[in-house]
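Asks: Input file: structure-v2.txt. Contents: compact mmCIF, C-alpha atoms.
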```txt
# COMPACT_ATOMS: atom_id res chain seq x y z
CA MET A 1 116.91 74.87 -41.14
CA ARG A 2 117.87 72.71 -38.31
CA ASN A 3 114.84 74.01 -36.37
CA SER A 4 112.53 73.26 -39.15
CA ARG A 5 113.69 69.63 -39.25
CA ARG A 6 113.21 69.34 -35.54
CA ASN A 7 109.73 70.73 -35.74
CA SER A 8 108.95 68.34 -38.55
CA ARG A 9 110.12 65.34 -36.53
CA ASN A 10 108.13 66.47 -33.52
CA ALA A 11 105.09 66.80 -35.60
CA LYS A 12 105.59 63.29 -37.01
CA THR A 13 106.14 61.99 -33.52
CA ARG A 14 102.96 63.53 -32.34
CA ARG A 15 101.11 62.11 -35.28
CA SER A 16 102.57 58.67 -34.84
CA GLY A 17 101.89 58.72 -31.12
CA THR A 18 98.31 59.64 -31.67
CA GLY A 19 97.89 56.89 -34.18
CA ASN A 20 99.44 54.32 -31.87
CA ALA A 21 97.22 55.45 -29.04
CA SER A 22 94.19 55.18 -31.18
CA ARG A 23 95.27 51.76 -32.30
CA ASN A 24 96.06 50.61 -28.74
CA ARG A 25 92.81 52.00 -27.24
CA ALA A 26 89.87 49.53 -27.21
CA PRO A 27 87.20 50.48 -29.66
CA ARG A 28 83.92 51.84 -28.17
CA ARG A 29 81.12 49.27 -28.27
CA GLU A 30 78.06 50.66 -29.90
CA PRO A 31 74.73 48.90 -29.35
CA TYR A 32 74.01 46.45 -32.00
CA HIS A 33 71.18 47.56 -34.21
CA SER A 34 70.71 46.27 -37.53
CA SER A 35 68.04 47.91 -39.61
CA GLY A 36 66.05 44.67 -39.94
CA ALA A 37 66.07 43.91 -36.21
CA SER A 38 64.91 47.40 -35.26
CA ARG A 39 62.02 47.22 -37.66
CA THR A 40 60.98 43.82 -36.33
CA GLY A 41 60.99 45.04 -32.69
CA ALA A 42 58.88 48.07 -33.54
CA ARG A 43 56.34 45.90 -35.30
CA SER A 44 56.16 43.58 -32.29
CA ARG A 45 55.50 46.44 -29.93
CA ARG A 46 52.79 47.85 -32.18
CA ALA A 47 51.19 44.43 -32.50
CA LEU A 48 51.17 44.03 -28.72
CA VAL A 49 49.54 47.41 -28.25
CA GLU A 50 46.94 46.61 -30.89
CA ARG A 51 46.11 43.30 -29.24
CA GLN A 52 45.61 45.03 -25.89
CA LYS A 53 43.35 47.62 -27.47
CA LYS A 54 41.29 44.91 -29.14
CA LYS A 55 40.88 43.10 -25.82
CA LYS A 56 39.69 46.29 -24.17
CA ARG A 57 37.24 46.92 -26.98
CA ARG A 58 35.90 43.38 -26.75
CA ARG A 59 35.44 43.74 -22.98
CA MET A 60 33.66 47.03 -23.40
CA ILE A 61 31.38 45.65 -26.11
CA SER A 62 30.55 42.61 -24.01
CA ARG A 63 29.70 44.80 -21.01
CA ILE A 64 27.49 47.06 -23.09
CA GLY A 65 25.78 44.01 -24.56
CA ILE A 66 25.08 42.56 -21.12
CA ALA A 67 23.71 45.92 -19.90
CA VAL A 68 21.43 46.15 -22.94
CA LEU A 69 20.15 42.63 -22.38
CA VAL A 70 19.45 43.34 -18.71
CA LEU A 71 17.63 46.54 -19.64
CA LEU A 72 15.55 44.74 -22.23
CA ALA A 73 14.72 42.05 -19.69
CA ILE A 74 13.58 44.70 -17.19
CA VAL A 75 11.44 46.45 -19.77
CA PHE A 76 9.88 43.49 -21.49
CA ALA A 77 9.75 40.88 -18.73
CA PRO A 78 6.74 42.48 -16.98
CA THR A 79 4.97 42.73 -20.31
CA ILE A 80 5.61 39.12 -21.07
CA PHE A 81 5.35 37.49 -17.66
CA PHE A 82 3.26 39.72 -15.27
CA GLN A 83 -0.17 39.72 -16.86
CA VAL A 84 -3.46 39.92 -14.95
CA SER A 85 -5.20 36.59 -14.72
CA ASN A 86 -7.14 36.96 -11.43
CA ILE A 87 -9.00 39.89 -9.82
CA ASN A 88 -10.21 39.51 -6.22
CA VAL A 89 -12.39 41.87 -4.16
CA THR A 90 -12.16 41.79 -0.34
CA GLY A 91 -13.87 43.81 2.41
CA ASP A 92 -17.38 44.63 3.60
CA THR A 93 -19.38 46.48 0.96
CA ARG A 94 -22.90 46.65 -0.37
CA TYR A 95 -21.64 46.40 -3.94
CA THR A 96 -20.96 43.09 -5.66
CA SER A 97 -17.54 41.95 -6.80
CA GLU A 98 -18.80 41.81 -10.37
CA GLN A 99 -19.85 45.46 -10.24
CA LEU A 100 -16.53 46.66 -8.90
CA ILE A 101 -14.39 44.51 -11.21
CA LYS A 102 -16.32 45.66 -14.26
CA SER A 103 -15.95 49.30 -13.23
CA THR A 104 -12.18 49.05 -12.91
CA GLY A 105 -11.86 48.41 -16.65
CA VAL A 106 -9.08 45.88 -15.97
CA LYS A 107 -9.17 42.76 -18.12
CA GLN A 108 -7.31 39.49 -18.10
CA GLY A 109 -4.03 39.80 -19.94
CA ASP A 110 -3.45 43.44 -18.97
CA ASN A 111 0.01 44.20 -17.69
CA MET A 112 0.19 44.42 -13.89
CA PHE A 113 2.76 47.19 -13.86
CA PHE A 114 1.05 49.41 -16.40
CA LEU A 115 -2.12 49.82 -14.26
CA ASP A 116 -2.74 53.25 -12.72
CA THR A 117 -4.02 51.95 -9.39
CA GLU A 118 -4.60 55.39 -7.85
CA GLN A 119 -6.77 56.53 -10.72
CA ILE A 120 -8.75 53.28 -10.68
CA ALA A 121 -9.42 53.73 -6.94
CA ALA A 122 -10.55 57.34 -7.46
CA ASP A 123 -12.89 56.31 -10.28
CA LEU A 124 -14.47 53.61 -8.11
CA LYS A 125 -15.15 56.12 -5.31
CA ASP A 126 -16.77 58.52 -7.75
CA GLU A 127 -19.02 55.84 -9.18
CA TYR A 128 -19.98 54.21 -5.87
CA PRO A 129 -20.66 56.86 -3.17
CA TYR A 130 -20.80 54.39 -0.29
CA LEU A 131 -17.16 53.35 -0.82
CA ASP A 132 -14.93 54.81 1.87
CA THR A 133 -11.53 53.23 1.21
CA VAL A 134 -10.31 51.54 -1.97
CA LYS A 135 -6.84 49.99 -2.27
CA LEU A 136 -5.46 48.04 -5.24
CA ARG A 137 -2.59 45.66 -4.55
CA ARG A 138 -0.50 43.63 -7.03
CA LYS A 139 0.09 40.07 -5.90
CA LEU A 140 2.73 38.77 -8.28
CA PRO A 141 2.84 37.13 -10.61
CA SER A 142 -0.73 37.60 -11.88
CA THR A 143 -3.32 38.58 -9.21
CA LEU A 144 -4.86 42.03 -8.68
CA GLN A 145 -6.51 42.43 -5.27
CA ILE A 146 -9.08 45.18 -4.55
CA GLU A 147 -9.62 45.98 -0.86
CA VAL A 148 -12.70 48.11 -0.04
CA SER A 149 -14.74 49.34 2.92
CA ASP A 150 -18.05 51.21 3.04
CA ARG A 151 -19.13 54.42 4.72
CA THR A 152 -21.74 54.28 7.50
CA ALA A 153 -25.02 56.12 6.98
CA VAL A 154 -26.03 58.10 10.08
CA LEU A 155 -28.57 60.72 8.92
CA SER A 156 -31.73 60.58 6.83
CA ILE A 157 -32.68 64.18 6.04
CA GLU A 158 -36.24 64.63 4.79
CA GLN A 159 -36.64 66.64 1.58
CA ASN A 160 -40.10 66.96 0.03
CA GLY A 161 -41.19 63.46 0.93
CA LYS A 162 -37.81 61.87 0.09
CA TYR A 163 -34.62 61.44 2.09
CA LEU A 164 -30.98 62.30 1.56
CA ILE A 165 -28.79 59.73 3.30
CA LEU A 166 -25.59 61.18 4.79
CA ASP A 167 -22.60 59.78 6.63
CA MET A 168 -20.82 61.47 9.55
CA SER A 169 -18.62 63.55 7.25
CA GLY A 170 -21.68 65.01 5.48
CA LYS A 171 -21.31 63.13 2.20
CA VAL A 172 -24.59 62.39 0.42
CA LEU A 173 -24.61 58.63 -0.07
CA GLU A 174 -27.96 58.15 -1.78
CA LYS A 175 -31.47 59.51 -2.23
CA THR A 176 -34.33 57.25 -1.14
CA LYS A 177 -38.07 57.22 -0.59
CA SER A 178 -37.77 56.30 3.08
CA ALA A 179 -35.32 56.85 5.92
CA ALA A 180 -32.37 54.43 5.97
CA LYS A 181 -32.34 51.79 8.68
CA GLY A 182 -30.22 52.67 11.69
CA THR A 183 -30.10 56.40 10.92
CA ALA A 184 -31.53 59.42 12.72
CA LYS A 185 -34.48 60.90 10.84
CA VAL A 186 -34.02 64.67 10.48
CA THR A 187 -36.70 67.22 9.60
CA GLY A 188 -36.46 70.96 9.08
CA VAL A 189 -33.09 71.09 7.28
CA PRO A 190 -33.22 72.56 3.75
CA MET A 191 -30.75 70.76 1.47
CA LYS A 192 -31.51 72.18 -1.97
CA GLY A 193 -28.83 71.82 -4.58
CA LEU A 194 -27.20 68.73 -3.09
CA HIS A 195 -26.81 65.57 -5.16
CA VAL A 196 -25.55 62.08 -4.49
CA GLY A 197 -21.79 62.19 -4.03
CA ASP A 198 -21.72 65.81 -2.82
CA THR A 199 -20.42 66.81 0.60
CA VAL A 200 -22.30 69.29 2.78
CA ASP A 201 -20.73 72.75 2.88
CA LYS A 202 -20.98 73.62 6.57
CA ASP A 203 -20.94 77.35 5.86
CA LYS A 204 -23.77 77.10 3.35
CA TYR A 205 -25.89 74.53 5.22
CA GLY A 206 -25.66 75.74 8.82
CA LYS A 207 -28.52 73.64 10.18
CA ALA A 208 -27.07 70.48 8.69
CA ALA A 209 -23.69 71.31 10.23
CA SER A 210 -25.32 71.75 13.66
CA VAL A 211 -27.10 68.42 13.35
CA MET A 212 -23.87 66.67 12.41
CA LYS A 213 -22.15 68.25 15.41
CA LEU A 214 -24.98 67.05 17.66
CA LEU A 215 -24.66 63.53 16.31
CA GLU A 216 -20.88 63.64 16.67
CA LEU A 217 -21.19 64.55 20.36
CA THR A 218 -23.79 61.87 21.07
CA ASP A 219 -21.44 59.39 19.43
CA GLN A 220 -18.60 60.64 21.61
CA TYR A 221 -20.69 60.00 24.74
CA GLY A 222 -22.00 56.64 23.53
CA MET A 223 -25.59 57.68 22.80
CA LYS A 224 -25.72 58.06 19.01
CA LYS A 225 -27.48 54.77 18.37
CA HIS A 226 -30.35 55.88 20.65
CA ILE A 227 -31.12 59.06 18.68
CA LYS A 228 -34.12 58.28 16.48
CA THR A 229 -35.38 61.68 15.26
CA ILE A 230 -34.08 65.26 15.23
CA ASP A 231 -36.51 68.10 14.60
CA VAL A 232 -34.85 71.43 13.76
CA GLU A 233 -37.85 73.05 12.10
CA LYS A 234 -37.58 75.78 14.73
CA ALA A 235 -33.94 76.68 15.25
CA TYR A 236 -34.67 77.92 18.79
CA ASP A 237 -36.62 74.78 19.78
CA VAL A 238 -34.71 71.69 18.63
CA ARG A 239 -36.27 68.40 19.73
CA VAL A 240 -34.74 64.93 19.76
CA THR A 241 -36.39 61.56 20.22
CA TYR A 242 -34.33 59.20 22.37
CA ASP A 243 -35.13 55.48 22.02
CA LYS A 244 -38.75 56.43 21.20
CA ARG A 245 -39.20 56.89 24.95
CA TYR A 246 -38.05 60.42 25.68
CA THR A 247 -38.54 63.74 23.96
CA ILE A 248 -35.46 65.84 24.62
CA LEU A 249 -35.79 69.61 24.43
CA LEU A 250 -32.44 71.15 23.50
CA GLY A 251 -33.45 74.70 22.66
CA ALA A 252 -31.02 76.29 20.18
CA LEU A 253 -28.07 74.21 18.94
CA GLU A 254 -25.38 76.66 19.95
CA GLU A 255 -21.94 75.14 19.60
CA SER A 256 -20.71 76.90 22.74
CA ASN A 257 -23.03 74.98 25.08
CA LEU A 258 -24.08 71.96 23.04
CA GLU A 259 -21.56 69.59 24.58
CA HIS A 260 -22.61 70.76 28.06
CA LYS A 261 -26.20 69.83 27.26
CA ILE A 262 -25.17 66.39 26.03
CA GLN A 263 -23.29 65.88 29.30
CA PHE A 264 -26.48 66.86 31.15
CA LEU A 265 -28.42 64.33 29.11
CA LYS A 266 -25.99 61.54 29.88
CA ALA A 267 -26.19 62.34 33.59
CA ILE A 268 -29.96 62.65 33.79
CA LEU A 269 -30.45 59.31 32.05
CA LYS A 270 -28.77 57.73 35.10
CA GLU A 271 -31.29 59.23 37.55
CA PRO A 272 -33.11 56.43 39.40
CA SER A 273 -36.31 58.52 39.56
CA LEU A 274 -36.38 59.03 35.78
CA PRO A 275 -39.74 57.72 34.43
CA GLU A 276 -39.91 55.06 31.73
CA SER A 277 -40.88 57.72 29.21
CA GLY A 278 -41.49 61.44 29.15
CA VAL A 279 -39.80 64.77 28.51
CA ILE A 280 -36.24 65.81 29.34
CA ASP A 281 -35.80 69.58 29.21
CA LEU A 282 -32.23 70.81 28.66
CA THR A 283 -33.02 74.30 27.44
CA ASP A 284 -31.57 75.85 30.61
CA GLU A 285 -27.79 75.69 30.89
CA LYS A 286 -27.87 75.74 34.69
CA GLU A 287 -30.42 73.01 35.36
CA ALA A 288 -32.16 70.07 33.73
CA ARG A 289 -35.79 69.06 34.15
CA TYR A 290 -37.67 65.87 33.45
CA ARG A 291 -41.29 64.85 33.69
CA PRO A 292 -43.43 61.94 32.52
CA THR A 293 -45.60 64.03 30.15
CA GLU A 294 -45.68 67.33 28.31
CA ASP A 295 -47.34 68.85 31.38
CA THR A 296 -44.91 71.48 32.65
CA THR A 297 -46.36 71.57 36.17
CA SER A 298 -44.74 68.32 37.25
CA ASP A 299 -41.08 68.97 36.50
CA VAL A 300 -38.35 67.32 38.52
CA VAL A 301 -35.45 69.78 38.63
CA ILE A 302 -31.80 68.82 38.91
CA LYS A 303 -29.25 71.57 39.41
CA GLU A 304 -26.11 71.91 37.35
CA GLU A 305 -23.72 70.83 40.11
CA GLU A 306 -25.67 67.61 40.67
CA LEU A 307 -25.61 66.80 36.98
CA ASP A 308 -21.90 67.60 36.82
CA LYS A 309 -21.25 65.07 39.54
CA ALA A 310 -23.29 62.39 37.81
CA ALA A 311 -21.66 63.03 34.43
CA GLY A 312 -18.18 63.25 35.87
CA THR A 313 -17.60 66.63 34.27
CA ALA A 314 -17.48 68.90 37.33
CA GLU A 315 -14.15 69.81 38.86
CA THR A 316 -13.25 68.34 42.24
CA LYS A 317 -15.10 70.19 44.96
CA THR A 318 -13.33 71.40 48.12
CA GLU A 319 -14.49 70.26 51.55
CA SER A 320 -15.75 73.76 52.34
CA ALA A 321 -17.91 73.77 49.22
CA ASP A 322 -19.36 70.40 50.17
CA SER A 323 -20.21 71.64 53.67
CA THR A 324 -21.87 74.72 52.19
CA ASP A 325 -24.06 72.51 50.00
CA THR A 326 -25.04 70.46 53.07
CA GLU A 327 -26.01 73.54 55.04
CA SER A 328 -28.09 74.79 52.13
CA THR A 329 -29.92 71.46 51.98
CA ASP A 330 -30.63 71.58 55.75
CA ALA A 331 -31.97 75.10 55.44
CA ASN A 332 -34.32 74.03 52.66
CA SER A 333 -35.65 71.15 54.75
CA THR A 334 -36.16 73.52 57.70
CA ASP A 335 -38.14 75.86 55.45
CA ALA A 336 -40.31 72.99 54.31
CA ASP A 337 -41.07 72.04 57.94
CA SER A 338 -41.91 75.62 58.83
CA THR A 339 -44.60 75.60 56.15
CA ASP A 340 -46.63 73.15 58.24
CA ASP A 341 -46.11 75.14 61.49
CA SER A 342 -47.65 78.50 60.61
CA SER A 343 -48.45 79.82 64.14
CA ASN A 344 -45.69 81.85 65.85
CA SER A 345 -44.50 85.05 64.18
CA THR A 346 -44.50 87.23 61.08
CA LYS A 347 -40.92 86.16 60.34
CA GLN A 348 -42.05 82.55 60.33
CA ALA A 349 -44.96 83.51 58.06
CA ASP A 350 -42.55 85.16 55.61
CA THR A 351 -40.44 82.02 55.64
CA ASP A 352 -43.55 80.00 54.96
CA ASN A 353 -44.43 82.24 52.02
CA SER A 354 -41.01 81.73 50.43
CA SER A 355 -41.20 77.98 50.86
CA GLU A 356 -44.72 77.98 49.41
CA ASP A 357 -43.43 79.89 46.37
CA LYS A 358 -40.79 77.21 45.87
CA THR A 359 -43.42 74.53 46.29
CA ASP A 360 -45.59 76.24 43.65
CA SER A 361 -42.74 76.32 41.12
CA SER A 362 -41.78 72.67 41.66
CA ALA A 363 -45.07 70.92 42.31
CA GLY A 364 -47.53 73.27 40.64
CA GLY A 365 -50.51 72.83 43.00
CA ASN A 366 -52.19 73.62 46.36
CA SER A 367 -50.64 77.13 46.41
CA GLU A 368 -53.87 78.95 47.22
CA SER A 369 -54.74 76.94 50.33
CA ASP A 370 -51.19 77.23 51.66
CA GLY A 371 -51.21 80.97 51.05
CA ASP A 372 -54.46 81.32 53.01
CA SER A 373 -53.08 79.47 56.01
CA THR A 374 -49.95 81.59 55.88
CA ALA A 375 -51.99 84.79 55.81
CA GLU A 376 -53.99 83.66 58.88
CA ALA A 377 -50.78 82.96 60.69
CA ALA A 378 -49.53 86.45 59.90
CA ASN A 379 -52.74 88.03 61.22
CA ASP A 380 -52.45 86.05 64.45
```
Would you write out, as structure tokens, the structure that this file holds?
Replies:
Amino acid sequence: MRNSRRNSRNAKTRRSGTGNASRNRAPRREPYHSSGASRTGARSRRALVERQKKKKRRRMISRIGIAVLVLLAIVFAPTIFFQVSNINVTGDTRYTSEQLIKSTGVKQGDNMFFLDTEQIAADLKDEYPYLDTVKLRRKLPSTLQIEVSDRTAVLSIEQNGKYLILDMSGKVLEKTKSAAKGTAKVTGVPMKGLHVGDTVDKDKYGKAASVMKLLELTDQYGMKKHIKTIDVEKAYDVRVTYDKRYTILLGALEESNLEHKIQFLKAILKEPSLPESGVIDLTDEKEARYRPTEDTTSDVVIKEEELDKAAGTAETKTESADSTDTESTDANSTDADSTDDSSNSTKQADTDNSSEDKTDSSAGGNSESDGDSTAEAAND
């Protein structure tokens, strides 16, 4: 019983002590939140977030609007502001500005940037065969400039009494009743099936291709303007008129030796002994001949090495080769002298005979009398 009282007191003591401790201990401070204040703060934060979102949306909309306006300005500004009001044609051409401007199809008020300049240039070339280059340039804000240049006619090829006029590339520029001024008149080249604006197919029209090659080489060596006529009626006997003074015999126009012949021609035209007019024979690849008339008995012969020197086309000769040429020349002169002195021996007579043969081939006369004197010398 006594123990139970003690236990009861201890329990009371413990309870009272705990209560005192709880009363003496400072109360824990909880953050102050009233229900009204918390709701107000949440609304403020949401309002702030909404305002920021609205600002971002407004910025985005304004940027999009500016971009759209810029795009519209780019698209519609040329239509509104860059309209054709002037068209100018510059360059040397046989066609008038009115013709070319009308053919472009461009009118005042057309938009500068909507013009297909490449197509317009191509159409002009198709319509006007002489046009070589055509360039269209936009000069803002409202001027369209057309720059042109013409092809140069170089050949007039005869066809059944009419002429096809060609440039150096083989394009047919026009068809006329007479040869064009400043061109080489060509006969003996069939050109059936060609029309104005066509270009010569070099595989199909072989003679025409050879003539164009000939003219190209004469142009390269500065002689094209002197070529007046080219006769290729006989493919093995091509004849050219040079400055209406010389008839040039070229033989066949083989591409392998054609340039060599033109070099020969250039060299022989520098010969001081060349007559004012006559025939220049270049049919032999190794030598060139010239004479004042068609008479073949009065040829002046120039060997290939001499022509190479004159034309500047031969390779540099060595000193030994030069000395050999000199000795050969001396021997020839000795043979010529021995022709006059036909009196000593059979060997001298044989030498005389060989020199007389050379004299016959170069001068074409007095061979019989010389042969007689040589024979007498042999008998003696």
Asks: Adding 4 Å on each side of the box along x, y and z that holds all listed atoms of range 123-141 of chain A, could you give its centre and edge lengths in Å to one decimal, as JSON?
Replies:
```
{"center_x": -9.0, "center_y": 47.8, "center_z": -4.4, "size_x": 31.6, "size_y": 29.4, "size_z": 20.5}
```
Asks: Would you please work out which residue, of A:Lys162, A:Arg239, A:Lys202, A:Lys135, is nearest to Thr176 in chain A when using all atoms listed in the file?
Replies: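 The shortest atom-to-atom distance to Thr176 in chain A comes from A:Lys162.
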Asks: Around (-23.6, 78.2, 28.8) in the file's own coordinates, what residues are found within 9 Å if you use only C-alpha atoms, given back as a ChimeraX atom specification?
Replies: /A:256-258,260-261,284-286
Asks: Ranking A:Leu215, A:Val232, A:Ala209, A:Leu269 by minimum distance to Val189 in chain A and counting all atoms listed in the file, which one comes first?
Replies: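 Counting all atoms listed in the file, the residue closest to Val189 in chain A is A:Val232.
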Asks: What does the structure give for the distance between CA of Lys228 in chain A and CA of Tyr128 in chain A, in Å to one decimal?
Replies: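 CA of Tyr128 in chain A lies at a distance of 26.8 Å from CA of Lys228 in chain A.
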Asks: For Leu217 in chain A, list every protein, DNA or RNA residue within 12 Å, evaluated using only C-alpha atoms, and leave out those in the same chain fewer than 2 positions away; present the list as a ChimeraX atom specification.
Replies: /A:168,210-215,219-225,227,253,255,257-263,265-266
Asks: Could you check the closest approach to Glu254 in chain A for each of A:Lys207, A:Lys185, A:Lys270, A:Arg138 and tell me which residue wins, using only C-alpha atoms?
Replies: A:Lys207
Asks: Mind pulling up the distance from CA of Lys181 in chain A to CA of Ile268 in chain A?
Replies: 27.5 Å
Asks: With distances taken over all atoms listed in the file, which residue among A:Val68, A:Ile74, A:Leu131, A:Leu136 lies nearest Tyr95 in chain A?
Replies: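 Checking each of A:Val68, A:Ile74, A:Leu131, A:Leu136 against Tyr95 in chain A, counting all atoms listed in the file, the winner is A:Leu131.
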Asks: Compute the distance from (-36.2, 78.1, 18.3) to each atom, counting only C-alpha atoms, keep the residues with any atom at most 12 Å away, and return them as number ranges by chain; use the coordinates of the file.
Replies: A: 188, 231-239, 249-254, 283
Asks: Work out how far CA of Val134 in chain A is from CA of Lys107 in chain A, in Å to one decimal.
Replies: 18.4 Å
